[in-house]
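Shown next: work.txt, given as compact mmCIF, C-alpha atoms and all ligand atoms.
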```txt
# COMPACT_ATOMS: atom_id res chain seq x y z
CA MET A 69 -7.03 -36.83 -12.63
CA SER A 70 -7.37 -39.52 -9.98
CA ASP A 71 -9.19 -42.82 -10.45
CA ILE A 72 -12.67 -42.87 -8.88
CA LEU A 73 -12.98 -46.56 -9.80
CA ALA A 74 -10.28 -49.17 -10.33
CA VAL A 75 -11.01 -52.72 -11.45
CA ASP A 76 -8.06 -55.04 -11.15
CA GLY A 77 -7.99 -58.52 -12.68
CA ILE A 78 -11.61 -59.52 -12.00
CA SER A 79 -13.06 -62.80 -13.23
CA LYS A 80 -16.51 -64.39 -13.04
CA SER A 81 -17.64 -67.83 -14.20
CA PHE A 82 -21.06 -69.43 -14.44
CA GLY A 83 -20.21 -73.13 -14.30
CA ALA A 84 -17.90 -73.75 -17.26
CA LEU A 85 -18.68 -70.37 -18.87
CA LYS A 86 -16.07 -67.70 -18.19
CA ALA A 87 -18.23 -64.56 -18.46
CA ILE A 88 -15.51 -62.13 -17.31
CA ARG A 89 -11.84 -63.02 -17.72
CA ASN A 90 -9.08 -61.20 -15.84
CA LEU A 91 -10.52 -57.77 -16.64
CA SER A 92 -8.78 -54.57 -15.55
CA PHE A 93 -9.70 -50.97 -16.25
CA SER A 94 -10.13 -47.68 -14.45
CA LEU A 95 -12.50 -44.72 -14.46
CA LYS A 96 -11.22 -41.24 -13.79
CA GLN A 97 -13.03 -38.58 -11.81
CA SER A 98 -15.56 -36.80 -14.11
CA GLU A 99 -14.85 -39.16 -17.00
CA VAL A 100 -17.43 -40.81 -19.28
CA LEU A 101 -16.25 -44.33 -20.11
CA GLY A 102 -18.13 -46.17 -22.85
CA ILE A 103 -18.36 -49.96 -22.94
CA ALA A 104 -19.17 -51.77 -26.17
CA GLY A 105 -19.06 -55.43 -27.12
CA PRO A 106 -21.08 -58.04 -28.99
CA ASN A 107 -24.07 -59.77 -27.35
CA GLY A 108 -22.97 -62.00 -24.50
CA SER A 109 -19.52 -60.40 -24.16
CA GLY A 110 -20.03 -59.78 -20.44
CA LYS A 111 -21.08 -56.11 -20.27
CA SER A 112 -24.11 -56.49 -18.00
CA THR A 113 -22.28 -59.11 -15.93
CA LEU A 114 -19.62 -56.48 -15.31
CA PHE A 115 -22.24 -54.06 -13.94
CA ASN A 116 -23.70 -56.86 -11.81
CA ILE A 117 -20.25 -57.53 -10.36
CA LEU A 118 -19.58 -53.85 -9.65
CA THR A 119 -22.92 -53.33 -7.86
CA LYS A 120 -22.84 -56.82 -6.22
CA ILE A 121 -26.37 -57.43 -7.45
CA PRO A 122 -26.65 -60.34 -7.30
CA PHE A 123 -22.97 -61.34 -7.12
CA GLY A 124 -19.41 -60.03 -6.82
CA PRO A 125 -16.35 -61.30 -8.72
CA ASP A 126 -14.85 -64.78 -8.18
CA SER A 127 -11.43 -63.13 -8.00
CA GLY A 128 -9.76 -59.76 -8.49
CA GLU A 129 -10.12 -56.43 -6.71
CA ILE A 130 -12.44 -53.42 -7.01
CA ARG A 131 -11.58 -50.02 -5.51
CA ILE A 132 -13.79 -46.94 -5.24
CA ALA A 133 -11.93 -43.69 -4.57
CA GLY A 134 -8.95 -45.78 -3.43
CA ASP A 135 -10.87 -47.97 -0.95
CA VAL A 136 -11.08 -51.71 -1.58
CA VAL A 137 -14.80 -52.60 -1.87
CA THR A 138 -14.49 -56.13 -3.27
CA GLU A 139 -16.20 -57.65 -0.22
CA TYR A 140 -18.83 -54.90 0.21
CA GLY A 141 -22.53 -55.74 -0.12
CA PRO A 142 -24.94 -53.93 -2.50
CA ARG A 143 -26.05 -51.34 0.06
CA GLN A 144 -22.50 -50.41 1.04
CA ILE A 145 -21.66 -50.02 -2.66
CA VAL A 146 -24.50 -47.49 -3.07
CA GLU A 147 -23.36 -45.68 0.08
CA LYS A 148 -19.87 -45.56 -1.42
CA GLY A 149 -21.41 -43.73 -4.39
CA LEU A 150 -21.78 -46.32 -7.16
CA VAL A 151 -25.33 -46.61 -8.57
CA ARG A 152 -26.66 -48.24 -11.74
CA SER A 153 -29.60 -48.07 -14.08
CA PHE A 154 -30.81 -51.22 -15.82
CA GLN A 155 -31.17 -52.35 -19.44
CA THR A 156 -34.91 -52.82 -19.10
CA GLU A 157 -37.29 -50.67 -17.10
CA THR A 158 -36.94 -51.60 -13.46
CA ASP A 159 -38.85 -48.80 -11.85
CA PHE A 160 -41.68 -49.75 -9.50
CA GLU A 161 -44.55 -49.99 -11.98
CA THR A 162 -47.36 -49.66 -9.50
CA LEU A 163 -45.83 -46.67 -7.73
CA SER A 164 -46.35 -43.19 -9.09
CA VAL A 165 -43.51 -41.36 -10.81
CA ILE A 166 -42.78 -39.23 -7.73
CA GLU A 167 -42.98 -42.24 -5.40
CA ASN A 168 -40.27 -43.92 -7.48
CA VAL A 169 -37.97 -40.99 -6.74
CA LEU A 170 -39.01 -40.79 -3.08
CA VAL A 171 -38.02 -44.42 -2.40
CA SER A 172 -34.55 -43.69 -3.82
CA LEU A 173 -33.83 -40.59 -1.74
CA PRO A 174 -31.31 -41.16 1.06
CA ASP A 175 -32.62 -41.00 4.66
CA ARG A 176 -31.08 -37.57 5.17
CA ASP A 177 -33.59 -36.07 2.71
CA PHE A 178 -36.38 -37.07 5.12
CA ALA A 179 -34.70 -35.44 8.14
CA LYS A 180 -36.79 -32.30 7.66
CA GLY A 181 -40.01 -34.20 7.05
CA GLU A 182 -42.02 -35.65 4.17
CA ALA A 183 -42.83 -32.26 2.57
CA ALA A 184 -39.14 -31.37 2.26
CA ALA A 185 -38.42 -34.80 0.75
CA ARG A 186 -41.25 -34.39 -1.79
CA LYS A 187 -39.83 -30.98 -2.73
CA ARG A 188 -36.43 -32.62 -3.27
CA ALA A 189 -38.02 -35.36 -5.39
CA MET A 190 -39.80 -32.72 -7.49
CA GLU A 191 -36.45 -31.05 -8.21
CA PHE A 192 -35.22 -34.31 -9.74
CA LEU A 193 -38.44 -34.70 -11.74
CA ASP A 194 -38.26 -31.08 -12.92
CA SER A 195 -34.75 -31.51 -14.22
CA PHE A 196 -35.93 -34.45 -16.34
CA ASP A 197 -39.16 -32.82 -17.55
CA LEU A 198 -41.20 -35.37 -15.63
CA ALA A 199 -42.91 -33.06 -13.14
CA ALA A 200 -46.22 -32.96 -15.03
CA GLN A 201 -46.45 -36.76 -14.79
CA LYS A 202 -45.59 -37.01 -11.10
CA ASP A 203 -48.83 -38.73 -10.02
CA ARG A 204 -49.12 -41.19 -12.93
CA PRO A 205 -48.19 -44.83 -12.30
CA ALA A 206 -44.71 -45.43 -13.71
CA SER A 207 -46.10 -48.21 -15.93
CA GLU A 208 -48.28 -45.69 -17.80
CA ILE A 209 -45.63 -43.23 -18.94
CA GLY A 210 -43.75 -43.51 -22.26
CA VAL A 211 -40.60 -45.57 -22.85
CA TYR A 212 -38.31 -42.55 -23.03
CA ASP A 213 -39.87 -41.05 -19.90
CA ARG A 214 -39.34 -44.34 -18.05
CA LYS A 215 -35.68 -44.30 -19.09
CA LYS A 216 -35.42 -40.76 -17.76
CA LEU A 217 -37.19 -41.80 -14.56
CA MET A 218 -34.65 -44.61 -14.06
CA ILE A 219 -31.81 -42.11 -14.38
CA ALA A 220 -33.59 -39.62 -12.08
CA THR A 221 -34.05 -42.31 -9.41
CA ALA A 222 -30.38 -43.32 -9.75
CA LEU A 223 -29.33 -39.67 -9.33
CA ALA A 224 -31.64 -39.33 -6.32
CA CYS A 225 -29.18 -41.69 -4.54
CA ARG A 226 -26.50 -38.97 -5.11
CA PRO A 227 -23.95 -41.21 -6.84
CA LYS A 228 -20.33 -40.33 -7.52
CA ILE A 229 -20.31 -42.98 -10.25
CA LEU A 230 -23.36 -43.62 -12.44
CA LEU A 231 -23.57 -46.86 -14.44
CA LEU A 232 -25.99 -46.73 -17.38
CA ASP A 233 -26.91 -50.05 -19.01
CA GLU A 234 -28.17 -49.45 -22.55
CA PRO A 235 -29.92 -46.13 -21.81
CA ALA A 236 -30.92 -45.73 -25.47
CA ALA A 237 -32.30 -49.23 -26.15
CA GLY A 238 -35.74 -48.98 -27.73
CA LEU A 239 -35.59 -45.22 -28.27
CA SER A 240 -36.39 -43.41 -31.52
CA ARG A 241 -33.63 -41.54 -33.31
CA PRO A 242 -34.61 -38.09 -31.92
CA GLU A 243 -34.88 -39.62 -28.43
CA VAL A 244 -31.37 -41.08 -28.79
CA ALA A 245 -30.15 -37.56 -29.65
CA GLU A 246 -31.88 -36.27 -26.49
CA MET A 247 -30.36 -39.06 -24.41
CA ILE A 248 -26.90 -38.02 -25.63
CA GLN A 249 -27.57 -34.47 -24.37
CA LEU A 250 -28.93 -35.84 -21.11
CA ILE A 251 -25.81 -37.96 -20.45
CA ARG A 252 -23.61 -34.95 -21.20
CA ARG A 253 -25.68 -32.87 -18.79
CA VAL A 254 -25.44 -35.32 -15.88
CA ASN A 255 -21.67 -35.50 -16.45
CA GLU A 256 -21.32 -31.69 -16.51
CA ASP A 257 -21.37 -31.38 -12.73
CA GLY A 258 -18.45 -33.77 -12.40
CA LEU A 259 -20.34 -37.07 -12.07
CA SER A 260 -18.29 -39.99 -13.41
CA VAL A 261 -20.27 -42.19 -15.80
CA ILE A 262 -19.87 -45.65 -17.34
CA VAL A 263 -22.27 -46.33 -20.18
CA ILE A 264 -22.93 -49.66 -21.88
CA GLU A 265 -24.58 -49.25 -25.26
CA HIS A 266 -25.02 -51.03 -28.58
CA ILE A 267 -25.68 -47.72 -30.35
CA ILE A 268 -22.07 -46.91 -31.22
CA SER A 269 -22.86 -43.34 -32.33
CA LEU A 270 -24.08 -42.60 -28.78
CA LEU A 271 -20.92 -44.06 -27.28
CA VAL A 272 -18.69 -42.05 -29.62
CA SER A 273 -20.67 -38.86 -28.84
CA VAL A 274 -20.58 -39.08 -25.05
CA SER A 275 -17.44 -41.06 -24.14
CA ASN A 276 -14.01 -39.68 -23.29
CA ARG A 277 -12.69 -43.22 -23.60
CA LEU A 278 -14.11 -46.45 -24.95
CA ILE A 279 -13.45 -50.07 -24.04
CA VAL A 280 -14.64 -53.09 -25.97
CA LEU A 281 -15.27 -56.48 -24.38
CA ASN A 282 -15.25 -59.75 -26.29
CA PHE A 283 -15.85 -63.13 -24.64
CA GLY A 284 -15.42 -61.43 -21.25
CA GLU A 285 -11.99 -60.03 -22.11
CA LEU A 286 -10.77 -56.52 -22.79
CA LEU A 287 -10.38 -56.42 -26.58
CA ALA A 288 -9.58 -52.73 -27.11
CA GLU A 289 -9.33 -49.52 -25.12
CA GLY A 290 -8.67 -45.91 -26.10
CA ALA A 291 -10.09 -42.84 -27.80
CA PRO A 292 -13.54 -43.72 -29.23
CA ASP A 293 -12.68 -42.98 -32.87
CA ASP A 294 -9.52 -45.09 -32.67
CA VAL A 295 -11.30 -47.99 -30.98
CA ILE A 296 -14.18 -48.22 -33.45
CA SER A 297 -11.77 -48.33 -36.38
CA ASP A 298 -9.57 -50.99 -34.75
CA PRO A 299 -9.67 -54.08 -37.04
CA ARG A 300 -9.98 -56.40 -34.00
CA VAL A 301 -13.14 -54.56 -32.95
CA ILE A 302 -14.61 -54.66 -36.47
CA GLU A 303 -13.88 -58.39 -36.63
CA ALA A 304 -15.51 -59.04 -33.25
CA TYR A 305 -18.70 -57.28 -34.39
CA LEU A 306 -18.84 -58.20 -38.07
CA GLY A 307 -16.49 -61.15 -38.63
CA PRO A 308 -13.03 -61.47 -40.25
CA ALA A 309 -14.19 -60.58 -43.78
CA ALA A 310 -15.28 -57.10 -42.65
CA ALA A 311 -12.01 -56.51 -40.79
CA ASN A 312 -9.92 -57.41 -43.85
CA GLY A 313 -12.06 -55.46 -46.26
N1 LIG T 401 -26.73 -65.46 -13.99
C1 LIG T 401 -26.17 -66.08 -15.02
N2 LIG T 401 -26.08 -67.43 -15.07
C2 LIG T 401 -25.50 -68.06 -16.10
N3 LIG T 401 -24.97 -67.44 -17.18
C3 LIG T 401 -25.03 -66.10 -17.20
C4 LIG T 401 -25.64 -65.34 -16.13
N4 LIG T 401 -25.55 -64.02 -16.44
C5 LIG T 401 -24.93 -63.95 -17.64
N5 LIG T 401 -24.61 -65.19 -18.09
C6 LIG T 401 -23.90 -65.50 -19.33
O1 LIG T 401 -22.70 -64.74 -19.32
C7 LIG T 401 -22.39 -64.25 -20.62
C8 LIG T 401 -22.31 -62.73 -20.59
O2 LIG T 401 -23.64 -62.21 -20.46
P1 LIG T 401 -23.94 -60.67 -20.34
O3 LIG T 401 -25.42 -60.52 -20.12
O4 LIG T 401 -23.04 -60.06 -19.34
O5 LIG T 401 -23.55 -60.14 -21.79
P2 LIG T 401 -23.80 -58.71 -22.44
O6 LIG T 401 -22.51 -58.31 -23.07
O7 LIG T 401 -24.39 -57.79 -21.44
O8 LIG T 401 -24.86 -59.07 -23.57
P3 LIG T 401 -26.03 -58.17 -24.24
O9 LIG T 401 -25.32 -57.16 -25.08
O10 LIG T 401 -26.79 -59.15 -25.05
O11 LIG T 401 -26.83 -57.55 -23.12
C9 LIG T 401 -23.48 -64.77 -21.55
O12 LIG T 401 -23.00 -65.96 -22.15
C10 LIG T 401 -24.63 -65.06 -20.60
O13 LIG T 401 -25.47 -66.08 -21.09
```

Any chance you could put this one into C-alpha cells?
Amino acid sequence: MSDILAVDGISKSFGALKAIRNLSFSLKQSEVLGIAGPNGSGKSTLFNILTKIPFGPDSGEIRIAGDVVTEYGPRQIVEKGLVRSFQTETDFETLSVIENVLVSLPDRDFAKGEAAARKRAMEFLDSFDLAAQKDRPASEIGVYDRKKLMIATALACRPKILLLDEPAAGLSRPEVAEMIQLIRRVNEDGLSVIVIEHIISLLVSVSNRLIVLNFGELLAEGAPDDVISDPRVIEAYLGPAAANG
C-alpha cells in the first residue's frame, strides 16, 4: 500500500521548548494510525503542524500523496484532502446543526443550488443519526452528538485523510464503544485516519498501527498490542517502577 501521508524529520519549538523533535512517520492509504502519549508530549501540536493551523513545522518535510505540502497554507491542505476534528467542540455554536454541515460543504455541492446542498448535508446528518436535530443550535445538542457533528462536518469536506483529536474525551463508556464503531465505519470506505486518544482501549480497537510520542519524540511504533506492552511506553505513562514491575 502506498503512503497517503509522509512526515519526514519535522521539528517545532515554542521559544526554548522543543514540542516536536525530528519526528518521522507515515500513513498508508486506508490505514488507521493511532497516536498515544502522555500529556504535553506534542500530539495536538502535531495535528496543528499538519493542518497549518496556526503554524507549520520549523523544519522537516510533509508530503500528501507524494506531493510536498510543507509550504502550503491551511486552505490548500484541506483541498489536498487533509481535514481534522478538534479535542474540544469547535462547531459553530450559534448555527444550527445543518448549518454547521452546510458551511463545510465544498463549493461544488452548491453548483446545483441551495436545495441540492441541503439534501447533501442531510445525507451526512442521516449517517450520523443527527437528522432529527437538524434545526437545533449546535450548542444545545448532547456532548456525543456534538462529537458526531464535528466528524460529520469534517467528512463534509470530503477528506482523504481524517485527523481525529481525542474523539472519545468526555464520553460515557457505551458512547466510547459507539465511537469505536463509528471510526471503523468511516474507515470502511477507504478513508485514511489518524486518531489521537488517551483512551488506550479505543486506540487498540481501531488502529492498524500505533505510535507513541514522548517529549515530542517518537518513543515507539508498531502493532498496538506490542506497543502498549513495550516497557518504554509503560515507563513514559506510569514511571520506571511500573515498567520494571
Ligand atoms: N502555541 C503554543 N505556545 C507555546 N507552547 C505550546 C503551544 N502549543 C503547545 N505548546 C506546548 O507544547 C507542548 C506539547 O503540547 P501539546 O498540546 O501538543 O501536547 P499533547 O500531547 O497534545 O497534550 P494533551 O494530551 O494534554 O492534549 C506542551 O508543553 C505545551 O505546553

Between A:Arg226, A:Lys86, A:Arg188, A:Arg204, which is the closest to ligand LIG 401 (chain T) once you count all atoms listed in the file? A:Lys86

Identify, on the basis of all atoms listed in the file, every residue whose closest approach to Glu129 (chain A) does not exceed 8 Å; exclude the query and any residue fewer than 2 positions from it along the same chain; express the result as a PyMOL selection string. chain A and resi 75-78+127+131+136-138

Between CA of Ser240 (chain A) and CA of Glu265 (chain A), what is the distance in Å, rounded to a tenth?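 These two atoms are separated by 14.6 Å.
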
Please check which residues have atoms at most 8 Å from (-14.5, -48.3, -23.0) in the file's coordinates, counting all atoms listed in the file, and write them as a ChimeraX atom specification. /A:101-104,275,277-280,288-290,292

Nearby polymer residues, ligand LIG 401 (chain T), at most 7 Å, all atoms listed in the file, as number ranges by chain: A: 82, 85, 87, 105-114

My list of candidates is A:Ser79, A:Asp126, A:Leu163, A:Glu246. Which is closest to Glu208 (chain A) when distances are computed with only C-alpha atoms? A:Leu163
